[in-house]
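K.L.:
Dropping in run-v6.cif, with mmCIF, C-alpha atoms.
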```
data_input
#
loop_
_atom_site.label_atom_id
_atom_site.label_comp_id
_atom_site.auth_asym_id
_atom_site.auth_seq_id
_atom_site.Cartn_x
_atom_site.Cartn_y
_atom_site.Cartn_z
CA MET A 4 82.78 100.76 71.62
CA GLU A 5 85.61 102.51 69.81
CA VAL A 6 87.38 105.31 71.64
CA GLU A 7 88.95 107.73 69.23
CA ARG A 8 92.24 109.43 70.06
CA GLN A 9 91.80 113.00 71.20
CA THR A 10 94.15 115.75 72.19
CA MET A 11 94.05 117.32 75.63
CA ARG A 12 92.47 120.43 74.13
CA ASP A 13 89.65 118.40 72.57
CA ARG A 14 88.92 116.68 75.88
CA GLN A 15 88.87 120.02 77.67
CA LEU A 16 86.40 121.46 75.15
CA ARG A 17 84.10 118.43 75.45
CA ALA A 18 84.20 118.64 79.25
CA ARG A 19 83.32 122.35 79.02
CA ASP A 20 80.41 121.61 76.70
CA MET A 21 79.16 118.87 79.04
CA LEU A 22 79.24 121.21 82.04
CA ARG A 23 77.40 123.89 80.07
CA GLY A 24 74.77 121.39 79.00
CA ASP A 25 75.58 121.71 75.31
CA LEU A 26 76.12 117.98 74.78
CA GLU A 27 72.92 116.21 73.77
CA GLY A 28 71.81 112.97 72.21
CA GLU A 29 74.50 110.68 70.88
CA GLU A 30 77.35 112.98 71.88
CA LEU A 31 76.24 112.95 75.51
CA GLU A 32 75.78 109.17 75.53
CA ARG A 33 79.22 108.68 74.03
CA TYR A 34 80.78 111.02 76.58
CA VAL A 35 79.17 109.12 79.46
CA GLU A 36 80.28 105.73 78.06
CA GLU A 37 83.86 106.95 77.88
CA LYS A 38 83.98 108.57 81.32
CA VAL A 39 81.78 106.48 83.63
CA VAL A 40 82.65 103.05 85.02
CA THR A 41 80.03 101.01 86.88
CA THR A 42 80.81 98.42 89.53
CA ASN A 43 79.45 97.14 92.83
CA PHE A 44 80.38 98.20 96.34
CA GLU A 45 82.17 94.97 97.25
CA LYS A 46 84.52 95.17 94.26
CA LEU A 47 85.23 98.82 94.97
CA LEU A 48 85.93 98.05 98.64
CA ASN A 49 88.30 95.19 97.79
CA TRP A 50 90.07 97.37 95.24
CA GLY A 51 90.64 99.98 97.94
CA ARG A 52 91.90 97.34 100.39
CA ALA A 53 94.32 95.90 97.85
CA ASN A 54 95.85 99.31 97.16
CA SER A 55 96.06 100.56 100.75
CA CYS A 56 97.65 97.78 102.79
CA PHE A 57 99.20 98.68 106.14
CA PRO A 58 102.15 96.29 106.74
CA LEU A 59 103.32 95.61 110.26
CA THR A 60 106.87 96.66 111.11
CA PHE A 61 107.93 93.19 112.10
CA GLY A 62 110.95 90.98 111.54
CA LEU A 63 112.26 87.67 112.76
CA ALA A 64 115.75 87.06 111.37
CA CYS A 65 118.04 87.88 108.43
CA CYS A 66 115.18 88.31 105.92
CA ALA A 67 114.00 91.21 108.07
CA ILE A 68 117.13 93.05 106.91
CA GLU A 69 116.40 92.20 103.29
CA ALA A 70 112.74 93.26 103.48
CA PRO A 71 113.34 97.04 103.78
CA ILE A 72 115.81 96.85 100.89
CA ALA A 73 113.41 94.87 98.74
CA LEU A 74 110.21 96.72 99.63
CA VAL A 75 110.75 100.13 101.17
CA GLY A 76 114.28 101.50 100.84
CA SER A 77 114.92 100.78 97.18
CA PRO A 78 114.01 103.32 94.49
CA ARG A 79 113.46 100.57 91.92
CA TYR A 80 111.34 98.25 94.07
CA ASP A 81 109.07 100.40 96.19
CA LEU A 82 105.74 99.44 97.74
CA ALA A 83 104.71 103.08 97.70
CA ARG A 84 103.58 102.69 94.10
CA PHE A 85 101.00 100.18 95.37
CA GLY A 86 99.91 102.23 98.37
CA ALA A 87 101.54 99.99 100.98
CA GLU A 88 104.40 102.15 102.24
CA ALA A 89 102.61 103.16 105.47
CA LEU A 90 104.27 100.75 107.90
CA ARG A 91 102.57 100.44 111.27
CA ALA A 92 104.35 99.71 114.54
CA SER A 93 101.19 98.43 116.20
CA PRO A 94 99.21 95.35 115.13
CA ARG A 95 96.03 97.28 116.01
CA GLN A 96 96.68 99.49 112.96
CA ALA A 97 98.08 96.89 110.54
CA ASP A 98 96.33 94.46 108.21
CA LEU A 99 99.38 92.74 106.64
CA ILE A 100 102.16 90.84 108.39
CA ILE A 101 105.27 89.71 106.53
CA LEU A 102 107.06 86.85 108.30
CA SER A 103 110.65 87.52 107.32
CA GLY A 104 112.96 84.93 108.81
CA ARG A 105 112.87 81.68 110.72
CA VAL A 106 110.20 81.17 113.37
CA SER A 107 111.45 79.51 116.53
CA ILE A 108 109.24 77.39 118.76
CA LYS A 109 109.40 80.06 121.47
CA MET A 110 108.52 82.85 119.01
CA ALA A 111 105.52 81.11 117.41
CA PRO A 112 103.01 82.04 120.19
CA VAL A 113 104.16 85.67 120.03
CA VAL A 114 103.71 85.80 116.26
CA ARG A 115 100.29 84.23 116.57
CA ARG A 116 99.26 86.80 119.19
CA LEU A 117 100.37 89.64 116.93
CA TYR A 118 98.37 88.13 114.07
CA ASP A 119 95.26 87.81 116.26
CA GLN A 120 95.56 91.47 117.27
CA MET A 121 95.64 92.74 113.69
CA LEU A 122 92.72 94.40 111.96
CA GLU A 123 90.17 92.39 110.01
CA PRO A 124 90.39 91.55 107.18
CA LYS A 125 94.07 90.70 107.46
CA TRP A 126 96.66 88.88 105.40
CA ALA A 127 99.98 87.17 105.98
CA ILE A 128 102.98 86.67 103.70
CA SER A 129 105.68 84.11 104.44
CA MET A 130 108.85 85.66 103.03
CA GLY A 131 111.78 83.34 102.44
CA ALA A 132 112.49 79.65 102.79
CA CYS A 133 112.92 79.69 106.57
CA SER A 134 109.47 80.99 107.44
CA SER A 135 107.85 78.94 104.66
CA SER A 136 109.40 75.55 105.37
CA GLY A 137 112.10 75.92 108.03
CA GLY A 138 114.82 76.38 105.41
CA MET A 139 118.20 75.02 106.44
CA PHE A 140 117.15 74.87 110.11
CA ALA A 141 115.70 71.35 110.20
CA ASN A 142 115.95 70.99 113.97
CA TYR A 143 113.84 70.91 117.10
CA ALA A 144 114.04 74.67 117.76
CA VAL A 145 112.54 76.02 114.51
CA VAL A 146 108.98 75.65 113.24
CA GLN A 147 109.01 73.84 109.89
CA GLY A 148 106.67 76.27 108.18
CA ALA A 149 104.66 79.17 109.60
CA ASP A 150 101.43 77.68 108.22
CA LYS A 151 101.55 75.15 111.04
CA PHE A 152 100.37 77.72 113.59
CA MET A 153 98.72 80.52 111.58
CA PRO A 154 97.06 80.99 108.18
CA ILE A 155 99.42 82.10 105.41
CA ASP A 156 98.04 83.70 102.26
CA LEU A 157 101.23 83.70 100.21
CA HIS A 158 104.61 81.97 100.29
CA ILE A 159 107.65 83.63 98.66
CA PRO A 160 110.57 81.22 98.18
CA GLY A 161 114.21 82.18 98.27
CA CYS A 162 117.07 82.69 100.70
CA PRO A 163 116.64 85.59 100.60
CA PRO A 164 114.00 86.21 97.94
CA ARG A 165 114.97 88.66 95.23
CA PRO A 166 113.16 92.01 95.27
CA GLU A 167 111.40 91.04 92.03
CA ALA A 168 110.01 87.94 93.72
CA VAL A 169 108.74 89.93 96.70
CA MET A 170 107.05 92.50 94.47
CA TYR A 171 105.56 89.74 92.32
CA GLY A 172 104.25 88.02 95.44
CA PHE A 173 102.70 91.24 96.70
CA ASN A 174 100.97 91.72 93.33
CA LYS A 175 99.56 88.20 93.59
CA LEU A 176 98.28 89.05 97.07
CA GLN A 177 96.61 92.16 95.65
CA ARG A 178 94.81 90.06 93.06
CA LYS A 179 93.70 87.72 95.83
CA ILE A 180 92.34 90.60 97.91
CA ILE A 181 90.46 92.02 94.92
CA GLY A 182 88.80 88.64 94.45
CA ASN A 183 90.57 87.46 91.30
CA PRO A 184 93.36 85.21 92.62
CA ASP A 185 95.80 83.39 90.39
CA GLN A 186 95.21 79.67 90.19
CA GLY A 187 97.51 77.46 92.20
CA TRP A 188 99.41 74.65 90.57
CA ARG A 189 96.91 72.07 91.83
CA GLN A 190 94.16 73.92 90.02
CA ARG A 191 96.21 74.51 86.88
CA TYR A 192 97.24 70.86 86.56
CA ASN A 193 94.08 69.32 88.04
CA ALA A 194 96.10 67.83 90.90
CA SER A 195 93.61 68.27 93.73
CA GLY A 196 93.89 65.42 96.21
CA THR A 197 97.68 65.20 96.11
CA GLU A 198 98.09 66.83 99.51
CA GLU A 199 100.09 64.81 102.02
CA TRP A 200 97.17 64.09 104.30
CA ALA A 201 94.71 63.57 101.42
CA ARG A 202 96.76 60.69 99.97
CA GLY A 203 96.09 58.53 103.03
CA GLY A 204 98.62 56.46 104.87
CA PRO A 205 99.93 56.56 108.42
CA ARG A 206 99.57 59.78 110.39
CA SER A 207 97.86 61.57 107.53
CA GLU A 208 94.19 61.33 108.49
CA PRO A 209 92.59 64.80 108.52
CA SER A 210 90.32 66.00 111.26
CA PRO A 211 86.57 66.02 110.49
CA GLU A 212 86.62 69.82 110.24
CA ALA A 213 89.55 69.77 107.81
CA ALA A 214 87.88 67.11 105.68
CA VAL A 215 84.67 69.15 105.45
CA ALA A 216 86.60 72.33 104.58
CA TYR A 217 88.55 70.40 101.94
CA GLU A 218 85.38 69.08 100.27
CA GLU A 219 83.82 72.57 100.32
CA ALA A 220 86.94 74.01 98.65
CA ARG A 221 86.82 71.26 96.01
CA GLY A 222 83.17 72.13 95.37
CA LEU A 223 84.06 75.78 94.81
CA ILE A 224 86.78 74.78 92.36
CA ARG A 225 84.40 72.57 90.38
CA ALA A 226 81.80 75.35 90.27
#
```
Show how you would write the structure in this file as structure tokens.

P.N.:
Amino acid sequence: MEVERQTMRDRQLRARDMLRGDLEGEELERYVEEKVVTTNFEKLLNWGRANSCFPLTFGLACCAIEAPIALVGSPRYDLARFGAEALRASPRQADLIILSGRVSIKMAPVVRRLYDQMLEPKWAISMGACSSSGGMFANYAVVQGADKFMPIDLHIPGCPPRPEAVMYGFNKLQRKIIGNPDQGWRQRYNASGTEEWARGGPRSEPSPEAAVAYEEARGLIRA
């Protein structure tokens, strides 16, 4: 269907004719094709969720200072354009948690409790190298990756990540919420089965539940 360029005045006149009932036949069908979009309820609901996230006002370490600069306080990089500027001080009202900073062993149960108290559906972003993999703190006091004690939907590398990286990561999360996620590198390069525990060897045997979940995920990828 070709949509011809029209001036604002032409669109106003056509809208007036439609409201009066003067449009008939092909003109009415063309007007409806140009103005009406059909979808299903699930896609509409996910679109609304992706564009109205409620992040939790939460920070762990130095990345918590960078997060407001990268996401909220900067005029160039502002989450308000994506409908996610309404920060919530209570996990009961939030559906997105951004782990910004290293996670200590003592703090991990607290973070997990906050995550469990959040609204469903909920999402988690690991911002920075420390929360994603422990960063420079390879010692007994810091968790070597937040995904060891809670599900993480998106990892953003960097120490600290640049604002562009944080915004790009949030856009990827939006696409995941909508139901059209970007393919991971294992899917792009057909490298499924290269996970540490999937390669076999000592101390890498998965639990029966993890093995079943892995095979189900592989089935979805093949489909």

K.L.:
Here's the selection I'm unsure about, the PyMOL selection byres ((chain A and resi 65) around 9); applied to the file above, which residues does it give, as a PyMOL selection string?

P.N.:
chain A and resi 62-64+66-69+103-105+163

K.L.:
Quick one, how far is CA of Gln15 (chain A) from CA of Leu31 (chain A)?

P.N.:
14.6 Å

K.L.:
Would you kindly translate the PyMOL selection byres ((chain A and resi 111) around 10) into the concrete residues it picks from this file, as a PDB file with C-alpha atoms, keeping the file's coordinate frame?

P.N.:
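Result file result-v6.pdb:
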```pdb
ATOM      1  CA  ARG A 105     112.870  81.680 110.720  1.00  0.00           C
ATOM      2  CA  VAL A 106     110.200  81.170 113.370  1.00  0.00           C
ATOM      3  CA  SER A 107     111.450  79.510 116.530  1.00  0.00           C
ATOM      4  CA  ILE A 108     109.240  77.390 118.760  1.00  0.00           C
ATOM      5  CA  LYS A 109     109.400  80.060 121.470  1.00  0.00           C
ATOM      6  CA  MET A 110     108.520  82.850 119.010  1.00  0.00           C
ATOM      7  CA  PRO A 112     103.010  82.040 120.190  1.00  0.00           C
ATOM      8  CA  VAL A 113     104.160  85.670 120.030  1.00  0.00           C
ATOM      9  CA  VAL A 114     103.710  85.800 116.260  1.00  0.00           C
ATOM     10  CA  ARG A 115     100.290  84.230 116.570  1.00  0.00           C
ATOM     11  CA  ARG A 116      99.260  86.800 119.190  1.00  0.00           C
ATOM     12  CA  LEU A 117     100.370  89.640 116.930  1.00  0.00           C
ATOM     13  CA  VAL A 145     112.540  76.020 114.510  1.00  0.00           C
ATOM     14  CA  VAL A 146     108.980  75.650 113.240  1.00  0.00           C
ATOM     15  CA  ALA A 149     104.660  79.170 109.600  1.00  0.00           C
ATOM     16  CA  LYS A 151     101.550  75.150 111.040  1.00  0.00           C
ATOM     17  CA  PHE A 152     100.370  77.720 113.590  1.00  0.00           C
ATOM     18  CA  MET A 153      98.720  80.520 111.580  1.00  0.00           C
TER      19      MET A 153
END
```

K.L.:
Against region 44-54 of chain A, which residues of region 101-170 of chain A fall within 12 Å? For each one I want the closest pair of atoms and the distance in Å (one decimal), counting all atoms listed in the file, rows by chain and increasing residue number, as a Markdown table.

P.N.:
```
| residue | atom | partner | partner_atom | distance |
| --- | --- | --- | --- | --- |
| A:Leu122 | CA | A:Arg52 | CA | 12.0 |
| A:Glu123 | CA | A:Arg52 | CA | 11.0 |
| A:Pro124 | CA | A:Arg52 | CA | 9.1 |
| A:Lys125 | CA | A:Arg52 | CA | 9.9 |
| A:Trp126 | CA | A:Ala53 | CA | 10.6 |
```

K.L.:
For C-alpha atoms, I'd like the residues from the last selection saved as a PDB file, in the coordinates of the input.

P.N.:
```
ATOM      1  CA  LEU A 122      92.720  94.400 111.960  1.00  0.00           C
ATOM      2  CA  GLU A 123      90.170  92.390 110.010  1.00  0.00           C
ATOM      3  CA  PRO A 124      90.390  91.550 107.180  1.00  0.00           C
ATOM      4  CA  LYS A 125      94.070  90.700 107.460  1.00  0.00           C
ATOM      5  CA  TRP A 126      96.660  88.880 105.400  1.00  0.00           C
TER       6      TRP A 126
END
```

K.L.:
Starting from the shown file, work through the PyMOL selection byres ((chain A and resi 166) around 12) and note down what comes out as a ChimeraX atom specification.

P.N.:
/A:66,69-82,130-131,159-165,167-173

K.L.:
Could you pull the residues within 12 Å of Leu90 (chain A), counting all atoms listed in the file, minus those fewer than 6 positions along the same chain, as a list in words?

P.N.:
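The contact residues come out as Ser55, Cys56, Phe57, Pro58, Leu59, Thr60, Phe61, Pro71, Leu74, Val75, Leu82, Ala83, Gln96, Ala97, Asp98, Leu99, Ile100 and Ile101 of chain A.
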
K.L.:
By how many Å are CA of Pro94 (chain A) and CA of Ala144 (chain A) apart?

P.N.:
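These two atoms are separated by 25.6 Å.
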
K.L.:
Kindly give the distance, in Å, that separates CA of Ile128 (chain A) and CA of His158 (chain A), rounded to a single decimal.

P.N.:
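Computed distance, CA of Ile128 (chain A) to CA of His158 (chain A), equals 6.0 Å.
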
K.L.:
Applying 8 Å and all atoms listed in the file, which residues near Leu176 (chain A) remain after dropping the ones on its own chain fewer than 6 positions away? List them as a PyMOL selection string.

P.N.:
chain A and resi 53+156-157+184

K.L.:
Determine the nearest neighbour of Ala132 (chain A) from the options A:Ala18, A:Leu102, A:Asn183, A:Tyr118, counting all atoms listed in the file.

P.N.:
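When distances to Ala132 (chain A) are compared using all atoms listed in the file, the smallest one comes from A:Leu102.
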
K.L.:
Could region 50-70 of chain A be completed with N, CA and C atoms and returned as a tab-separated table (two decimals), in the coordinates of the input?

P.N.:
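Final output, result-v1.tsv:
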```
chain	number	residue	atom	x	y	z
A	50	TRP	N	89.06	96.63	95.99
A	50	TRP	CA	90.07	97.37	95.24
A	50	TRP	C	90.79	98.36	96.15
A	51	GLY	N	90.03	99.05	97.00
A	51	GLY	CA	90.64	99.98	97.94
A	51	GLY	C	91.52	99.27	98.96
A	52	ARG	N	91.08	98.09	99.45
A	52	ARG	CA	91.90	97.34	100.39
A	52	ARG	C	93.20	96.87	99.76
A	53	ALA	N	93.13	96.42	98.51
A	53	ALA	CA	94.32	95.90	97.85
A	53	ALA	C	95.36	96.98	97.60
A	54	ASN	N	94.93	98.22	97.48
A	54	ASN	CA	95.85	99.31	97.16
A	54	ASN	C	96.10	100.22	98.36
A	55	SER	N	95.78	99.76	99.55
A	55	SER	CA	96.06	100.56	100.75
A	55	SER	C	96.37	99.64	101.94
A	56	CYS	N	97.26	98.68	101.71
A	56	CYS	CA	97.65	97.78	102.79
A	56	CYS	C	98.52	98.52	103.81
A	57	PHE	N	98.41	98.10	105.06
A	57	PHE	CA	99.20	98.68	106.14
A	57	PHE	C	100.07	97.57	106.73
A	58	PRO	N	101.30	97.37	106.22
A	58	PRO	CA	102.15	96.29	106.74
A	58	PRO	C	102.62	96.58	108.16
A	59	LEU	N	102.83	95.51	108.89
A	59	LEU	CA	103.32	95.61	110.26
A	59	LEU	C	104.84	95.67	110.25
A	60	THR	N	105.41	96.60	111.00
A	60	THR	CA	106.87	96.66	111.11
A	60	THR	C	107.33	95.51	112.01
A	61	PHE	N	107.68	94.42	111.37
A	61	PHE	CA	107.93	93.19	112.10
A	61	PHE	C	108.99	92.39	111.38
A	62	GLY	N	109.92	91.82	112.12
A	62	GLY	CA	110.95	90.98	111.54
A	62	GLY	C	111.38	89.90	112.49
A	63	LEU	N	111.88	88.82	111.94
A	63	LEU	CA	112.26	87.67	112.76
A	63	LEU	C	113.76	87.38	112.69
A	64	ALA	N	114.34	87.43	111.50
A	64	ALA	CA	115.75	87.06	111.37
A	64	ALA	C	116.35	87.82	110.19
A	65	CYS	N	117.25	87.17	109.44
A	65	CYS	CA	118.04	87.88	108.43
A	65	CYS	C	117.17	88.42	107.31
A	66	CYS	N	116.05	87.78	106.97
A	66	CYS	CA	115.18	88.31	105.92
A	66	CYS	C	114.56	89.64	106.33
A	67	ALA	N	114.52	89.92	107.63
A	67	ALA	CA	114.00	91.21	108.07
A	67	ALA	C	114.93	92.35	107.66
A	68	ILE	N	116.21	92.04	107.42
A	68	ILE	CA	117.13	93.05	106.91
A	68	ILE	C	116.93	93.23	105.41
A	69	GLU	N	116.61	92.13	104.73
A	69	GLU	CA	116.40	92.20	103.29
A	69	GLU	C	115.07	92.86	102.94
A	70	ALA	N	114.07	92.74	103.80
A	70	ALA	CA	112.74	93.26	103.48
A	70	ALA	C	112.73	94.77	103.23
```
